[in-house]
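J.: See work-v8.cif below, with mmCIF, C-alpha atoms.
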data_final
loop_
_atom_site.label_atom_id
_atom_site.label_comp_id
_atom_site.auth_asym_id
_atom_site.auth_seq_id
_atom_site.Cartn_x
_atom_site.Cartn_y
_atom_site.Cartn_z
CA MET A 139 -19.40 -1.22 -5.77
CA LYS A 140 -20.62 1.99 -7.37
CA LYS A 141 -18.79 4.63 -5.34
CA ALA A 142 -15.80 4.50 -2.99
CA PHE A 143 -14.07 6.93 -0.65
CA ILE A 144 -10.26 6.76 -0.42
CA ALA A 145 -8.23 8.50 2.27
CA GLY A 146 -4.66 8.73 1.00
CA THR A 147 -5.47 8.85 -2.71
CA LEU A 148 -1.95 9.80 -3.79
CA GLN A 149 -0.12 7.19 -1.74
CA PHE A 150 1.34 4.13 -3.54
CA VAL A 151 -1.56 1.82 -2.71
CA GLY A 152 -4.19 4.58 -2.70
CA PHE A 153 -3.27 5.82 -6.18
CA SER A 154 -3.06 2.33 -7.68
CA LEU A 155 -6.40 1.43 -6.08
CA CYS A 156 -8.03 4.65 -7.28
CA SER A 157 -6.75 4.14 -10.83
CA ARG A 158 -8.06 0.59 -10.91
CA LEU A 159 -11.49 1.51 -9.58
CA LEU A 160 -11.82 4.30 -12.13
CA GLU A 161 -10.94 1.83 -14.89
CA GLU A 162 -13.79 -0.35 -13.67
CA GLY A 163 -16.25 2.55 -13.80
CA VAL A 164 -16.43 3.09 -10.04
CA CYS A 165 -16.86 6.69 -8.85
CA VAL A 166 -14.15 7.73 -6.37
CA ASP A 167 -14.00 10.60 -3.91
CA GLY A 168 -10.50 11.01 -2.56
CA ILE A 169 -8.63 13.02 0.02
CA SER A 170 -4.84 13.16 -0.23
CA ASN A 171 -1.98 13.41 2.24
CA ASP A 172 -0.03 16.63 2.74
CA TYR A 173 3.57 16.24 1.60
CA GLU A 174 6.39 18.36 2.97
CA ASP A 175 9.12 16.72 0.88
CA GLU A 176 9.51 18.57 -2.44
CA LEU A 177 10.01 15.42 -4.51
CA GLU A 178 7.04 13.66 -2.91
CA GLN A 179 4.90 16.72 -3.65
CA ARG A 180 6.04 16.72 -7.28
CA VAL A 181 5.17 13.03 -7.66
CA ALA A 182 1.78 13.66 -5.99
CA GLU A 183 1.03 16.45 -8.47
CA GLU A 184 1.83 14.13 -11.39
CA LYS A 185 -0.54 11.52 -9.99
CA LEU A 186 -3.30 14.05 -9.42
CA MET A 187 -3.03 15.27 -13.02
CA MET A 188 -3.52 11.70 -14.22
CA ILE A 189 -6.61 10.79 -12.20
CA GLY A 190 -7.98 14.35 -12.16
CA ARG A 191 -8.81 14.07 -15.86
CA ASN A 192 -11.31 11.31 -15.11
CA ALA A 193 -14.88 12.55 -14.65
CA LEU A 194 -15.53 9.74 -12.14
CA PHE A 195 -12.93 11.13 -9.72
CA GLN A 196 -13.44 14.00 -7.32
CA SER A 197 -10.74 15.37 -5.01
CA VAL A 198 -12.32 16.48 -1.73
CA GLU A 199 -11.02 18.46 1.24
CA SER A 200 -12.92 16.67 4.00
CA VAL A 201 -14.65 13.41 4.83
CA PRO A 202 -18.35 13.53 3.81
CA LYS A 203 -21.07 13.04 6.39
CA GLU A 204 -23.75 11.44 4.21
CA LYS A 205 -23.98 7.86 3.00
CA GLU A 206 -22.76 8.36 -0.54
CA HIS A 207 -20.23 5.53 -0.66
CA ASP A 208 -20.29 1.75 -0.65
CA LEU A 209 -16.77 1.35 0.79
CA ILE A 210 -14.13 3.38 2.62
CA PHE A 211 -10.43 2.67 2.09
CA CYS A 212 -7.85 4.12 4.50
CA CYS A 213 -4.50 4.25 2.67
CA ILE A 214 -2.92 7.10 4.66
CA GLN A 215 0.17 5.11 5.68
CA ASP A 216 1.75 3.08 2.86
CA PRO A 217 2.88 -0.48 3.68
CA ALA A 218 6.56 0.47 3.24
CA ASP A 219 6.66 4.11 4.36
CA LYS A 220 9.89 5.22 6.02
CA GLU A 221 8.12 7.67 8.32
CA SER A 222 4.90 8.00 10.27
CA ARG A 223 2.13 9.67 8.25
CA ILE A 224 -0.57 9.11 10.85
CA HIS A 225 -3.37 11.64 10.57
CA GLU A 226 -5.43 10.74 13.63
CA ASN A 227 -8.26 13.19 12.95
CA LEU A 228 -8.70 11.94 9.38
CA LEU A 229 -8.61 8.35 10.61
CA LYS A 230 -11.30 9.05 13.21
CA GLU A 231 -13.46 10.95 10.71
CA CYS A 232 -13.36 7.95 8.37
CA ALA A 233 -14.30 5.71 11.28
CA SER A 234 -17.18 8.01 12.22
CA LEU A 235 -18.53 7.94 8.66
CA SER A 236 -18.27 4.15 8.61
CA LEU A 237 -19.97 3.64 11.96
CA THR A 238 -22.77 6.20 11.58
CA GLN A 239 -23.65 5.23 8.01
CA LYS A 240 -22.84 1.50 8.30
CA ILE A 241 -20.25 1.59 5.51
CA PRO A 242 -17.48 -1.07 5.61
CA LEU A 243 -13.98 0.36 6.14
CA ILE A 244 -10.79 -1.30 4.92
CA LEU A 245 -7.49 -0.27 6.52
CA ILE A 246 -4.30 -0.69 4.54
CA SER A 247 -1.69 -1.98 6.96
CA SER A 248 1.70 -3.67 6.77
CA MET A 249 3.52 -6.84 7.72
CA GLU A 250 5.94 -4.45 9.43
CA VAL A 251 3.65 -4.50 12.47
CA TYR A 252 5.66 -7.63 13.20
CA GLY A 253 9.29 -7.22 14.24
CA GLU A 254 12.06 -8.34 11.93
CA ASN A 255 12.60 -11.49 14.02
CA GLN A 256 8.92 -12.51 14.06
CA LEU A 257 9.12 -15.05 11.26
CA VAL A 258 6.48 -17.59 12.31
CA ILE A 259 3.12 -15.83 12.44
CA ASP A 260 -0.34 -17.08 13.35
CA LYS A 261 -3.55 -15.51 14.70
CA ASN A 262 -2.13 -15.47 18.23
CA THR A 263 1.14 -13.72 17.35
CA VAL A 264 1.32 -10.36 19.12
CA PRO A 265 2.81 -7.67 16.83
CA ALA A 266 6.07 -6.16 18.10
CA PRO A 267 7.23 -3.67 15.44
CA THR A 268 10.87 -2.68 15.14
CA THR A 269 10.47 0.13 12.58
CA ILE A 270 8.80 3.57 12.60
CA ASN A 271 6.50 2.41 9.82
CA GLY A 272 5.51 -0.75 11.66
CA ALA A 273 4.74 1.21 14.83
CA ALA A 274 2.63 3.70 12.84
CA HIS A 275 0.60 0.93 11.24
CA LEU A 276 0.06 -0.80 14.56
CA LYS A 277 -1.13 2.46 16.13
CA GLN A 278 -3.65 2.92 13.30
CA GLU A 279 -4.91 -0.63 13.80
CA GLN A 280 -5.28 -0.17 17.56
CA THR A 281 -7.06 3.17 17.16
CA LEU A 282 -9.62 1.74 14.76
CA LYS A 283 -10.14 -1.51 16.64
CA LYS A 284 -11.00 0.48 19.75
CA LEU A 285 -13.49 2.63 17.84
CA PHE A 286 -15.11 -0.21 15.91
CA ASN A 287 -15.20 -2.74 18.75
CA GLN A 288 -17.32 -5.68 17.49
CA SER A 289 -19.24 -3.76 14.81
CA GLY A 290 -18.06 -6.05 11.99
CA LEU A 291 -17.46 -3.06 9.72
CA LEU A 292 -13.64 -3.00 9.93
CA LYS A 293 -11.25 -5.13 7.90
CA ILE A 294 -7.46 -4.82 8.22
CA ILE A 295 -5.30 -5.94 5.31
CA ARG A 296 -1.59 -6.31 5.98
CA PHE A 297 0.63 -5.97 2.92
CA PRO A 298 4.17 -7.31 2.46
CA GLY A 299 6.76 -5.47 0.35
CA LEU A 300 5.42 -3.91 -2.86
CA TYR A 301 7.06 -2.95 -6.15
CA GLY A 302 6.03 -1.69 -9.56
CA PRO A 303 5.31 1.63 -11.33
CA TRP A 304 4.93 4.59 -8.97
CA GLN A 305 6.78 2.84 -6.15
CA PRO A 306 7.78 5.61 -3.70
CA ASN A 307 11.21 7.11 -4.29
CA SER A 308 12.21 5.87 -0.82
CA GLY A 309 11.79 2.23 -1.91
CA SER A 310 15.01 0.29 -2.31
CA ILE A 311 13.98 -1.28 -5.63
CA HIS A 312 13.10 2.14 -7.03
CA LYS A 313 16.43 3.53 -5.84
CA ARG A 314 18.39 0.67 -7.38
CA ILE A 315 16.69 1.06 -10.74
CA VAL A 316 17.22 4.84 -10.77
CA ALA A 317 20.90 4.33 -9.87
CA SER A 318 21.33 1.81 -12.70
CA LEU A 319 19.72 4.19 -15.23
CA THR A 320 21.64 7.28 -14.16
CA GLY A 321 24.99 5.79 -13.21
CA GLY A 322 24.44 6.80 -9.60
CA SER A 323 26.04 5.33 -6.53
CA PRO A 324 24.95 1.85 -5.37
CA VAL A 325 22.08 1.93 -2.92
CA GLN A 326 22.92 1.03 0.66
CA ASP A 327 20.91 -1.81 2.14
CA GLU A 328 18.00 -0.36 4.14
CA LYS A 329 15.48 -1.63 6.65
CA GLU A 330 12.45 -2.62 4.63
CA GLU A 331 9.73 -5.24 4.80
CA ARG A 332 11.39 -8.24 3.13
CA ARG A 333 9.37 -11.26 4.17
CA ASP A 334 7.59 -11.27 0.82
CA LEU A 335 7.14 -9.15 -2.32
CA LEU A 336 4.09 -8.38 -4.49
CA TYR A 337 3.57 -6.49 -7.72
CA ILE A 338 1.40 -3.46 -6.97
CA GLU A 339 -1.33 -4.24 -9.51
CA ASP A 340 -1.69 -7.79 -8.20
CA ALA A 341 -1.88 -6.50 -4.62
CA VAL A 342 -4.60 -3.98 -5.56
CA ASN A 343 -6.57 -6.67 -7.39
CA ALA A 344 -6.45 -8.72 -4.19
CA LEU A 345 -7.53 -5.68 -2.17
CA ILE A 346 -10.59 -5.19 -4.35
CA GLU A 347 -11.41 -8.89 -4.16
CA LEU A 348 -11.10 -8.82 -0.37
CA SER A 349 -13.52 -5.91 -0.20
CA LYS A 350 -16.24 -8.47 -0.93
CA PRO A 351 -17.40 -9.92 2.42
CA GLU A 352 -17.57 -13.47 1.11
CA THR A 353 -13.90 -13.56 0.00
CA PHE A 354 -12.37 -13.70 3.50
CA THR A 355 -14.38 -13.86 6.71
CA GLY A 356 -11.68 -12.79 9.19
CA ASP A 357 -11.21 -9.17 10.26
CA THR A 358 -7.44 -9.22 9.67
CA VAL A 359 -5.85 -10.76 6.58
CA HIS A 360 -2.24 -11.01 5.43
CA LEU A 361 -1.44 -10.89 1.71
CA SER A 362 1.09 -13.42 0.45
CA SER A 363 2.68 -14.30 -2.89
CA GLY A 364 2.66 -17.96 -1.88
CA LYS A 365 6.28 -18.12 -3.02
CA GLU A 366 9.61 -18.26 -1.23
CA ASN A 367 12.65 -16.02 -1.63
CA GLN A 368 10.95 -13.29 -3.66
CA TRP A 369 13.34 -10.62 -2.37
CA ARG A 370 16.40 -12.76 -3.05
CA GLU A 371 15.22 -13.42 -6.59
CA ALA A 372 14.63 -9.68 -7.07
CA ALA A 373 18.16 -8.97 -5.82
CA VAL A 374 19.59 -11.39 -8.41
CA LEU A 375 17.52 -9.84 -11.20
CA LEU A 376 18.75 -6.38 -10.17
CA ASN A 377 22.35 -7.61 -10.19
CA GLU A 378 22.75 -7.15 -6.48
CA LYS A 379 25.53 -9.25 -5.02
CA LYS A 380 24.28 -9.12 -1.47
CA GLU A 381 21.45 -11.51 -0.64
CA SER A 382 18.32 -9.98 0.81
CA GLY A 383 15.03 -11.24 2.13
CA VAL A 384 14.05 -13.53 4.98
CA ALA A 385 11.94 -16.68 5.20
CA CYS A 386 8.58 -16.27 6.92
CA LYS A 387 5.80 -18.74 7.70
CA LEU A 388 2.21 -17.47 7.82
CA SER A 389 -0.65 -19.54 9.17
CA GLU A 390 -3.08 -20.42 6.37
CA ASP A 391 -6.15 -19.21 8.26
CA ILE A 392 -4.91 -15.61 8.30
CA THR A 393 -3.47 -15.58 4.77
CA TYR A 394 -4.81 -14.64 1.35
CA THR A 395 -2.62 -15.82 -1.53
CA VAL A 396 -2.45 -13.21 -4.26
CA ARG A 397 -2.83 -14.32 -7.86
CA SER A 398 0.19 -13.20 -9.87
CA SER A 399 -0.38 -11.60 -13.28
CA VAL A 400 3.31 -11.15 -14.08
CA SER A 401 6.56 -12.90 -13.24
CA LEU A 402 8.98 -11.11 -10.93
CA LYS A 403 11.29 -10.57 -13.91
CA ASP A 404 8.53 -9.01 -16.03
CA GLY A 405 7.29 -6.90 -13.12
CA LEU A 406 10.74 -5.45 -12.52
CA SER A 407 11.10 -4.82 -16.25
CA ALA A 408 7.78 -2.94 -16.24
CA GLN A 409 8.94 -0.82 -13.30
CA THR A 410 12.29 -0.14 -14.98
CA GLU A 411 10.60 0.95 -18.21
CA TRP A 412 8.17 3.16 -16.30
CA ILE A 413 11.05 4.87 -14.47
CA ARG A 414 12.94 5.29 -17.74
CA GLN A 415 9.96 7.07 -19.29
CA ASN A 416 9.35 9.24 -16.20
CA LEU A 417 12.89 9.89 -15.08
CA TYR A 418 12.33 13.63 -15.48
CA ILE A 419 10.13 13.58 -12.39
CA PHE A 420 13.00 12.44 -10.21
CA GLN A 421 15.79 14.46 -11.87
CA SER A 422 14.10 17.84 -12.10
CA LEU A 423 14.65 18.86 -8.48
#
Show me the file's structure as structure tokens.
T.:
Amino acid sequence: MKKAFIAGTLQFVGFSLCSRLLEEGVCVDGISNDYEDELEQRVAEEKLMMIGRNALFQSVESVPKEKEHDLIFCCIQDPADKESRIHENLLKECASLSLTQKIPLILISSMEVYGENQLVIDKNTVPAPTTINGAAHLKQEQTLKKLFNQSGLLKIIRFPGLYGPWQPNSGSIHKRIVASLTGGSPVQDEKEERRDLLYIEDAVNALIELSKPETFTGDTVHLSSGKENQWREAAVLLNEKKESGVACKLSEDITYTVRSSVSLKDGLSAQTEWIRQNLYIFQSL
């Protein structure tokens, strides 16, 4: 891969993916979401300052028409968003670029397309989301599947829960760490994808690996840690008394097991240290 296009560059997955590709010497053109929330906008500006210094990155206002890119990544809706960020026109423009120029497109989706009680999942399981985020991801999937039909250019990657540096401020792990550092009130338990948990850098490494056609032949793949009780272990490490997380069984033929570069303990420590160093971002508003 020499050049990639990312829609949703400043989202959790989009930013981590962009940063990693730039580190590998890949040129990236990116278009970012519009943020109405003041804190989200502040975080987005911090991210843009970081990647904007890299000569390989270019922030663009619209989807290009020419075949300049080897891959298109749609990261508009994060796997654990609390709201719908669907931008249907942007989604369709990315699809048009892919189809007209024969460029593979990878859609970042979420395990939340499955309802909270769908705990045994195989290729025949029909998604029945029970959250706004899950419904938004499913709508994106359906829109693109209809446009791409049997072209073979679309791959959907469904992510479980994610944590690590730059986790959105709406994430429960982020909130718990901020509360512990500032002496704030305990975070109330929220609806969040808790069937599994991955460190963001490991998830992005898997995403890049899956962008190679030979890595996984199916058009829809589910990322997995290959471990049980990740959320419960995280709750213990964060000194949470209430157990969290649910057991889920994924069929092997639709699953890609992500290689872990850090233990859950070390990953949470890295996120805690990152928040400690960047606490000003979240306290300045």
J.: Applied to this file, what does the PyMOL selection byres ((chain A and resi 146-159) around 8) return in terms of residues, put as a list in words?
T.: Ile144, Ala145, Leu160, Glu161, Glu162, Gly163, Val164, Cys165, Val166, Gly168, Ile169, Ser170, Asn171, Ala182, Lys185, Leu186, Ile189, Cys212, Cys213, Ile214, Gln215, Asp216, Trp304, Gln305, Pro306, Ile338, Glu339 and Val342 of chain A
J.: Save out the residues we just selected, C-alpha atoms, as a PDB file, keeping the file's coordinate frame.
T.:
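And here is the file that came out, result25.pdb:
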ATOM      1  CA  ILE A 144     -10.260   6.760  -0.420  1.00  0.00           C
ATOM      2  CA  ALA A 145      -8.230   8.500   2.270  1.00  0.00           C
ATOM      3  CA  LEU A 160     -11.820   4.300 -12.130  1.00  0.00           C
ATOM      4  CA  GLU A 161     -10.940   1.830 -14.890  1.00  0.00           C
ATOM      5  CA  GLU A 162     -13.790  -0.350 -13.670  1.00  0.00           C
ATOM      6  CA  GLY A 163     -16.250   2.550 -13.800  1.00  0.00           C
ATOM      7  CA  VAL A 164     -16.430   3.090 -10.040  1.00  0.00           C
ATOM      8  CA  CYS A 165     -16.860   6.690  -8.850  1.00  0.00           C
ATOM      9  CA  VAL A 166     -14.150   7.730  -6.370  1.00  0.00           C
ATOM     10  CA  GLY A 168     -10.500  11.010  -2.560  1.00  0.00           C
ATOM     11  CA  ILE A 169      -8.630  13.020   0.020  1.00  0.00           C
ATOM     12  CA  SER A 170      -4.840  13.160  -0.230  1.00  0.00           C
ATOM     13  CA  ASN A 171      -1.980  13.410   2.240  1.00  0.00           C
ATOM     14  CA  ALA A 182       1.780  13.660  -5.990  1.00  0.00           C
ATOM     15  CA  LYS A 185      -0.540  11.520  -9.990  1.00  0.00           C
ATOM     16  CA  LEU A 186      -3.300  14.050  -9.420  1.00  0.00           C
ATOM     17  CA  ILE A 189      -6.610  10.790 -12.200  1.00  0.00           C
ATOM     18  CA  CYS A 212      -7.850   4.120   4.500  1.00  0.00           C
ATOM     19  CA  CYS A 213      -4.500   4.250   2.670  1.00  0.00           C
ATOM     20  CA  ILE A 214      -2.920   7.100   4.660  1.00  0.00           C
ATOM     21  CA  GLN A 215       0.170   5.110   5.680  1.00  0.00           C
ATOM     22  CA  ASP A 216       1.750   3.080   2.860  1.00  0.00           C
ATOM     23  CA  TRP A 304       4.930   4.590  -8.970  1.00  0.00           C
ATOM     24  CA  GLN A 305       6.780   2.840  -6.150  1.00  0.00           C
ATOM     25  CA  PRO A 306       7.780   5.610  -3.700  1.00  0.00           C
ATOM     26  CA  ILE A 338       1.400  -3.460  -6.970  1.00  0.00           C
ATOM     27  CA  GLU A 339      -1.330  -4.240  -9.510  1.00  0.00           C
ATOM     28  CA  VAL A 342      -4.600  -3.980  -5.560  1.00  0.00           C
TER      29      VAL A 342
END
J.: Find the spatial neighbours of Thr269 (chain A), counting all atoms listed in the file, within a cut-off of 9 Å - ignore same-chain residues fewer than 5 positions away - and output them as a PDB file with C-alpha atoms, in the frame of the given file.
T.:
ATOM      1  CA  LYS A 220       9.890   5.220   6.020  1.00  0.00           C
ATOM      2  CA  GLU A 221       8.120   7.670   8.320  1.00  0.00           C
ATOM      3  CA  GLU A 250       5.940  -4.450   9.430  1.00  0.00           C
ATOM      4  CA  VAL A 251       3.650  -4.500  12.470  1.00  0.00           C
ATOM      5  CA  GLY A 253       9.290  -7.220  14.240  1.00  0.00           C
ATOM      6  CA  GLU A 254      12.060  -8.340  11.930  1.00  0.00           C
ATOM      7  CA  ALA A 274       2.630   3.700  12.840  1.00  0.00           C
ATOM      8  CA  LYS A 329      15.480  -1.630   6.650  1.00  0.00           C
ATOM      9  CA  GLU A 330      12.450  -2.620   4.630  1.00  0.00           C
TER      10      GLU A 330
END
J.: Quick one: which residues end up in the PyMOL selection byres ((chain A and resi 416) around 12) for this structure, as a list in words?
T.: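 Output of the PyMOL selection byres ((chain A and resi 416) around 12): Val181, Glu184, Lys185, Pro303, Trp304, Val316, Leu319, Gln409, Thr410, Glu411, Trp412, Ile413, Arg414, Gln415, Leu417, Tyr418, Ile419, Phe420, Gln421 and Ser422 of chain A.
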J.: Decode the PyMOL selection byres ((chain A and resi 397-400) around 9) for the given file into explicit residues and return them as a PyMOL selection string.
T.: chain A and resi 336-337+339-341+343-344+363-364+395-396+401-405
J.: Mind pulling up the distance from CA of Ile224 (chain A) to CA of Asn255 (chain A)?
T.: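 CA of Ile224 (chain A) lies at a distance of 24.7 Å from CA of Asn255 (chain A).
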J.: Set the distance at 10 Å and use only C-alpha atoms: which residues neighbour Ser289 (chain A) once local chain neighbours fewer than 4 positions away are removed? I'd like the list as a list in words.
T.: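 These residues fall inside the cut-off: Leu237, Lys240, Pro242, Lys283 and Leu285 of chain A.
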J.: Looking at all atoms listed in the file, which of A:Leu177, A:Val359, A:Leu348, A:Ile294 is the one that sits closest to Glu279 (chain A)?
T.: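 Going through A:Leu177, A:Val359, A:Leu348, A:Ile294 one by one, the smallest distance to Glu279 (chain A) is for A:Ile294.
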J.: Have a look at CA of Arg333 (chain A) and CA of Ile210 (chain A) and let me know their distance in Å, one decimal.
T.: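 Calculated distance between CA of Arg333 (chain A) and CA of Ile210 (chain A) is 27.7 Å.
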J.: From the options A:Ala142, A:Ala372, A:Val201, A:Ile270, which residue's atoms come nearest to Ile311 (chain A), counting all atoms listed in the file?
T.: A:Ala372
J.: Compare A:Thr355, A:Asn192, A:Ser248, A:Ser236 by their minimum atom-to-atom distance to Pro267 (chain A), counting all atoms listed in the file, and give me the closest one.
T.: A:Ser248
J.: Within 10 Å of Pro202 (chain A), counting all atoms listed in the file, which residues show up once you throw out same-chain ones fewer than 5 positions away? Write them as a VMD selection string, please.
T.: chain A and resid 143 167 207 231 to 232 235
J.: With all atoms listed in the file as the basis for distance, which of A:Asp208, A:Asp334, A:Glu371, A:Asp219 is at the shortest distance from Lys350 (chain A)?
T.: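 Of A:Asp208, A:Asp334, A:Glu371, A:Asp219, the one nearest Lys350 (chain A) is A:Asp208, counting all atoms listed in the file.
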J.: Let me make sure I understand: among A:Gly290, A:Pro217, A:Gly322, A:Gly299, which one has the smallest atom-to-atom distance to Ala273 (chain A) if we use all atoms listed in the file?
T.: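 Closest to Ala273 (chain A), using all atoms listed in the file: A:Pro217.
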J.: If you measure from CA of Thr353 (chain A) to CA of Met139 (chain A), what distance in Å do you get, rounded to one decimal?
T.: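 It comes out at 14.7 Å.
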J.: Using all atoms listed in the file, pick whichever of A:Asn307, A:His225, A:Arg332, A:Gly302 has the shortest atom-to-atom distance to Arg180 (chain A).
T.: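 Nearest candidate to Arg180 (chain A) out of A:Asn307, A:His225, A:Arg332, A:Gly302: A:Asn307.
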